[in-house]
Amino acid sequence: MGEVRTRFAPSPTGYMHIGNLRTALYAYLIAKSNDGKFILRIEDTDQDRYVEGAIDVIYNTLKIVGIEHDEGPDIGGDYGPYVQSERKAIYEKYAKELIDRGGAYYCFCDKERLDNLREQSRNKKIPFKYDGHCRNLSKEEVVKRIEAGESYVIRQKMPQTGTTTFKDEVFGKITVENSSLDDNILIKSDGMPTYNFANVIDDHLMDITHVVRGSEYLSSTPKYNLLYKAFGWDIPTYIHLPLILREDGKKLSKREGDASFEDLYNKGYLKEAIINYIALLGWSPGTEEELFTLDELVERFKIEGLSKSPAIFDTEKLKWMNGEYIRKLSLEEFNKLATPYYDKAIKKAEVDYMILSKLMHTRTEVLSHIPEQIDFIDDLPDYDIDLYIHKRMKTTPESALKNLKEVYDVLEALDDWNFDNIHDNLMDLIGKLGVKNGQVLWPLRVALSGKQYTPGGGIELAELLGKEESLKRIKIGMEKLSKS
RNA sequence: GGCCCCUUGGUCAAGUGGUUAAGAUACCGCCCUUUCACGGCGGUGACAGGGGUUCGAAUCCCCUAGGGGUCACCA
């Protein structure tokens, strides 16, 4: 076999949802794991759906995640142009050839007639199929009507008997009755090809060896096969991918599912985690490992590892995996990524972000969750003194008040405000009082944060908030407690 | 509805005729511990159902059920 060539052929809708990205990933992996080429082709034959800037979304996403194409509209290649709207003349030529070969025909049926047909089949409760009205027009009549300026499309002429079988690498052999195949439109009345035609022409002309796409194309693949046959072309290796479903089992939709790469990325999921996670939706390395970089995926990827059944996109697991990637970051890297989120939550207080990052690093699964975890830094929330009661710690409002006073005095006397100093002095106090750590530290943590859970304990928070603010908050705590 | 496809714990999944049916996540418990988190240890939980084939079936065949895809001058 020659060089493996795969392609990712999105239509520019301005939106890269997770399923599309995964298709791109797999196409890339199949090419790269075979030292092949990965091509980007833009399928923009639907002019009504033109979206400004949509192609940039595609470029940007691929660039961010590191899926680099070897050929494409932006970088060229030997098989261009890589934008379908620029290949109009090519499709036209092949459509004519196909007509000559008897695999297609001109059709002059207008929308009204078609709608009528559709209405009829709906009433009869049978699936709509073009009735072949124009299938056998004479050449003369066709010429005459075209010259008269009648609008036309070109339809594929499906065999009316027999079956068509094709082999898919993941789904195996699939056979359908030719009679169930509709005479699809190949060239629209605006002269543009439909996907049904363009994908076959382009895949052939661009020497695509492995066609990778979602399983929603499974049912139209026989038609494409017939096209290849009509032209006498080699049929590529088909690799249809199982769908990715939403948590409720429905197909991903951009309306509700919100599972676009962009959304996830903006929410604070790391690109490495997203790629790693979606790689595992529908593919398994066959081992127990599950953390892979893109390069490692290239190394491990095998078509045999693809599964047939659809996978549900599970945010919980993505979260966990994102946490894994965050924990792998160095403190400095984490700090850098977290800073914008700190800025969002901290407007007034002056805190050392590196100290904060030490606390947040193992406590962050998704970056966007950072602000709510540190919302107490700017403003001490108005909390209930019940917070001072901790069963296991055996703290009560009374003991809390007593120990808070002790803490206040110790901390107030501290000149050098750093973790070790705070720690040692507080521990001394605890020793002197002869109580458990929690007796002192729990009330301190509550007084400083006013929250039930915080990143870090009393000592860490004291260091973070600084002497002045810490003392102020402890005082507030004592006041609350003595009032009760 | 026709056609096509799919079906192992809540989720992702290994498994290709003989296994105590992996692992991960989630959940629960214990340990660590100044809360939480991290980390460590342990636990609950699955072959959709029914028929075959076979000495033996999660693995092969059939039926049923459930789910999905597709039936456009969209891709």
# chains A, B, ... in the order shown; residues from 1 in each chain; ligands from 1

$ closest_atom_pairs --of "chain A" --to "chain B" --cutoff "7 Å" --atoms "only C-alpha atoms (C1' of nucleotides)" --output "CSV"
residue,atom,partner,partner_atom,distance
A:Ser11,CA,B:A75,C1',6.6
A:Lys125,CA,B:G1,C1',6.5
A:Ile126,CA,B:G1,C1',6.9
A:Pro127,CA,B:G2,C1',6.2
A:Ile185,CA,B:C73,C1',7.0
A:Lys188,CA,B:C73,C1',4.6
A:Ser189,CA,B:C73,C1',6.1
A:Tyr195,CA,B:A75,C1',6.0
A:Glu216,CA,B:G69,C1',5.3
A:Ser219,CA,B:C4,C1',5.9
A:Leu281,CA,B:C12,C1',6.7
A:Gly286,CA,B:A14,C1',6.3
A:Glu288,CA,B:G23,C1',5.5
A:Lys308,CA,B:C6,C1',6.8
A:Ser309,CA,B:C6,C1',5.2
A:Asp314,CA,B:U11,C1',6.2
A:Lys317,CA,B:U25,C1',5.3
A:Thr362,CA,B:C38,C1',5.4
A:Arg363,CA,B:A37,C1',4.7
A:Asn437,CA,B:U34,C1',6.2
A:Gly438,CA,B:U34,C1',5.3
A:Leu441,CA,B:U34,C1',4.9
A:Trp442,CA,B:U34,C1',5.9
A:Gln452,CA,B:U35,C1',6.7
A:Tyr453,CA,B:C36,C1',5.0
A:Thr454,CA,B:C36,C1',5.7
A:Pro455,CA,B:C36,C1',6.2
A:Gly457,CA,B:U34,C1',5.4
A:Gly458,CA,B:U34,C1',6.4

$ select_by_dssp --residues "region 2-31 of chain A" --states "alpha helix (DSSP H)" --output "PyMOL selection string"
chain A and resi 18-31

$ closest_residue --among "A:Leu243, A:Ile39, A:Ile208, A:Leu291" --to "Ala273 (chain A)" --atoms "only C-alpha atoms"
A:Leu291

$ atom_distance --atom1 "CA of Lys88 (chain A)" --atom2 "CA of Tyr238 (chain A)"
25.3 Å

$ atom_distance --atom1 "CA of Met360 (chain A)" --atom2 "CA of Leu280 (chain A)"
27.8 Å

$ atom_distance --atom1 "CA of Lys328 (chain A)" --atom2 "CA of Phe376 (chain A)"
26.9 Å

$ residues_around --residues "region 365-375 of chain A" --least-positions-apart "5" --cutoff "8 Å" --atoms "only C-alpha atoms (C1' of nucleotides)" --output "PyMOL selection string"
chain A and resi 267-269+319-320+322-324+326+337-338+341-342+344-346+360+454-455

$ write_last_selection --atoms "N, CA, C and O atoms" --output "short mmCIF file (atom, residue, chain, number, x, y, z; two decimals), in the first residue's frame"
data_model
loop_
_atom_site.label_atom_id
_atom_site.label_comp_id
_atom_site.auth_asym_id
_atom_site.auth_seq_id
_atom_site.Cartn_x
_atom_site.Cartn_y
_atom_site.Cartn_z
N LYS A 267 -14.04 27.24 29.54
CA LYS A 267 -14.44 26.95 30.91
C LYS A 267 -13.26 26.54 31.77
O LYS A 267 -13.42 26.31 32.96
N GLY A 268 -12.13 26.39 31.14
CA GLY A 268 -10.97 26.04 31.94
C GLY A 268 -10.59 24.58 31.88
O GLY A 268 -9.97 24.05 32.79
N TYR A 269 -10.98 23.94 30.80
CA TYR A 269 -10.48 22.59 30.57
C TYR A 269 -9.23 22.71 29.72
O TYR A 269 -9.20 23.51 28.77
N LYS A 319 -13.73 15.97 33.90
CA LYS A 319 -13.29 16.77 35.03
C LYS A 319 -12.13 16.10 35.73
O LYS A 319 -11.13 16.73 36.05
N TRP A 320 -12.30 14.83 36.02
CA TRP A 320 -11.25 14.10 36.69
C TRP A 320 -9.95 14.16 35.88
O TRP A 320 -8.88 14.45 36.39
N ASN A 322 -9.11 16.29 33.66
CA ASN A 322 -8.58 17.65 33.66
C ASN A 322 -7.80 17.89 34.95
O ASN A 322 -6.72 18.49 34.93
N GLY A 323 -8.33 17.39 36.05
CA GLY A 323 -7.64 17.51 37.32
C GLY A 323 -6.28 16.83 37.28
O GLY A 323 -5.29 17.33 37.80
N GLU A 324 -6.23 15.69 36.62
CA GLU A 324 -4.97 14.98 36.48
C GLU A 324 -3.95 15.85 35.74
O GLU A 324 -2.79 15.92 36.12
N ILE A 326 -4.00 19.08 35.44
CA ILE A 326 -3.66 20.26 36.23
C ILE A 326 -2.63 19.90 37.29
O ILE A 326 -1.66 20.62 37.51
N LEU A 337 -1.77 29.86 34.66
CA LEU A 337 -3.11 29.57 34.15
C LEU A 337 -4.20 30.05 35.09
O LEU A 337 -5.29 30.43 34.67
N ALA A 338 -3.91 30.03 36.38
CA ALA A 338 -4.93 30.38 37.36
C ALA A 338 -5.07 31.88 37.54
O ALA A 338 -6.13 32.37 37.95
N TYR A 341 -8.15 33.84 36.66
CA TYR A 341 -9.30 33.48 37.48
C TYR A 341 -9.17 34.08 38.88
O TYR A 341 -10.17 34.43 39.51
N TYR A 342 -7.95 34.21 39.33
CA TYR A 342 -7.73 34.89 40.61
C TYR A 342 -8.16 36.35 40.47
O TYR A 342 -8.84 36.91 41.32
N LYS A 344 -10.22 37.61 38.66
CA LYS A 344 -11.67 37.74 38.59
C LYS A 344 -12.29 37.80 39.97
O LYS A 344 -13.28 38.49 40.20
N ALA A 345 -11.71 37.07 40.90
CA ALA A 345 -12.32 36.96 42.23
C ALA A 345 -11.72 37.92 43.24
O ALA A 345 -12.34 38.25 44.24
N ILE A 346 -10.51 38.33 42.98
CA ILE A 346 -9.82 39.18 43.96
C ILE A 346 -9.61 40.58 43.40
O ILE A 346 -8.78 40.79 42.53
N MET A 360 -4.26 26.04 45.89
CA MET A 360 -5.26 25.70 44.87
C MET A 360 -4.86 24.58 43.92
O MET A 360 -5.72 23.96 43.29
N THR A 454 -12.50 25.31 52.86
CA THR A 454 -11.59 26.27 52.24
C THR A 454 -10.35 25.54 51.73
O THR A 454 -10.01 24.47 52.24
N PRO A 455 -9.72 26.14 50.75
CA PRO A 455 -8.43 25.59 50.35
C PRO A 455 -7.43 25.93 51.45
O PRO A 455 -7.17 27.09 51.72
#

$ residues_around --residues "Arg135 (chain A)" --least-positions-apart "2" --cutoff "8 Å" --atoms "only C-alpha atoms (C1' of nucleotides)" --output "PyMOL selection string"
chain A and resi 105-107+132-133+137+157

$ write_last_selection --atoms "N, CA and C atoms" --output "compact mmCIF listing (two decimals), in the first residue's frame"
# COMPACT_ATOMS: atom_id res chain seq x y z
N TYR A 105 -28.20 11.65 -14.46
CA TYR A 105 -29.08 12.26 -15.48
C TYR A 105 -29.56 13.63 -15.06
N TYR A 106 -29.96 14.40 -16.03
CA TYR A 106 -30.49 15.73 -15.76
C TYR A 106 -31.91 15.60 -15.25
N CYS A 107 -32.24 16.47 -14.33
CA CYS A 107 -33.60 16.43 -13.80
C CYS A 107 -34.13 17.86 -13.74
N GLY A 132 -38.28 9.20 -10.35
CA GLY A 132 -37.59 8.92 -11.61
C GLY A 132 -38.22 9.58 -12.83
N HIS A 133 -38.98 10.59 -12.56
CA HIS A 133 -39.69 11.31 -13.62
C HIS A 133 -38.78 11.70 -14.78
N LEU A 137 -35.30 10.90 -19.91
CA LEU A 137 -35.54 11.92 -20.93
C LEU A 137 -34.57 11.71 -22.08
N LYS A 157 -28.06 8.07 -10.95
CA LYS A 157 -28.99 7.03 -11.41
C LYS A 157 -28.67 5.73 -10.68

$ residues_around --residues "A46 (chain B)" --least-positions-apart "6" --cutoff "9 Å" --atoms "only C-alpha atoms (C1' of nucleotides)" --output "PDB file with N, CA and C atoms (P, O5', C5', C4', C3', O3' and C1' of nucleotides), in the first residue's frame"
ATOM      1  P     U B   8     -23.363  -2.428  26.341  1.00  0.00           P
ATOM      2  O5'   U B   8     -22.814  -3.400  27.487  1.00  0.00           O
ATOM      3  C5'   U B   8     -23.596  -4.547  27.840  1.00  0.00           C
ATOM      4  C4'   U B   8     -22.910  -5.230  28.979  1.00  0.00           C
ATOM      5  C3'   U B   8     -22.407  -4.294  30.062  1.00  0.00           C
ATOM      6  O3'   U B   8     -23.435  -4.011  30.999  1.00  0.00           O
ATOM      7  C1'   U B   8     -20.681  -5.763  29.457  1.00  0.00           C
ATOM      8  P     G B   9     -23.893  -2.550  31.244  1.00  0.00           P
ATOM      9  O5'   G B   9     -23.522  -2.419  32.799  1.00  0.00           O
ATOM     10  C5'   G B   9     -23.790  -1.217  33.483  1.00  0.00           C
ATOM     11  C4'   G B   9     -23.616  -1.509  34.961  1.00  0.00           C
ATOM     12  C3'   G B   9     -23.473  -0.218  35.786  1.00  0.00           C
ATOM     13  O3'   G B   9     -24.607  -0.105  36.660  1.00  0.00           O
ATOM     14  C1'   G B   9     -21.835  -1.847  36.360  1.00  0.00           C
ATOM     15  P     A B  21     -15.994 -15.046  36.880  1.00  0.00           P
ATOM     16  O5'   A B  21     -15.187 -13.684  36.768  1.00  0.00           O
ATOM     17  C5'   A B  21     -14.173 -13.583  35.794  1.00  0.00           C
ATOM     18  C4'   A B  21     -14.327 -12.312  35.038  1.00  0.00           C
ATOM     19  C3'   A B  21     -14.560 -11.049  35.859  1.00  0.00           C
ATOM     20  O3'   A B  21     -13.371 -10.645  36.505  1.00  0.00           O
ATOM     21  C1'   A B  21     -15.896 -11.002  33.921  1.00  0.00           C
TER      22        A B  21
END
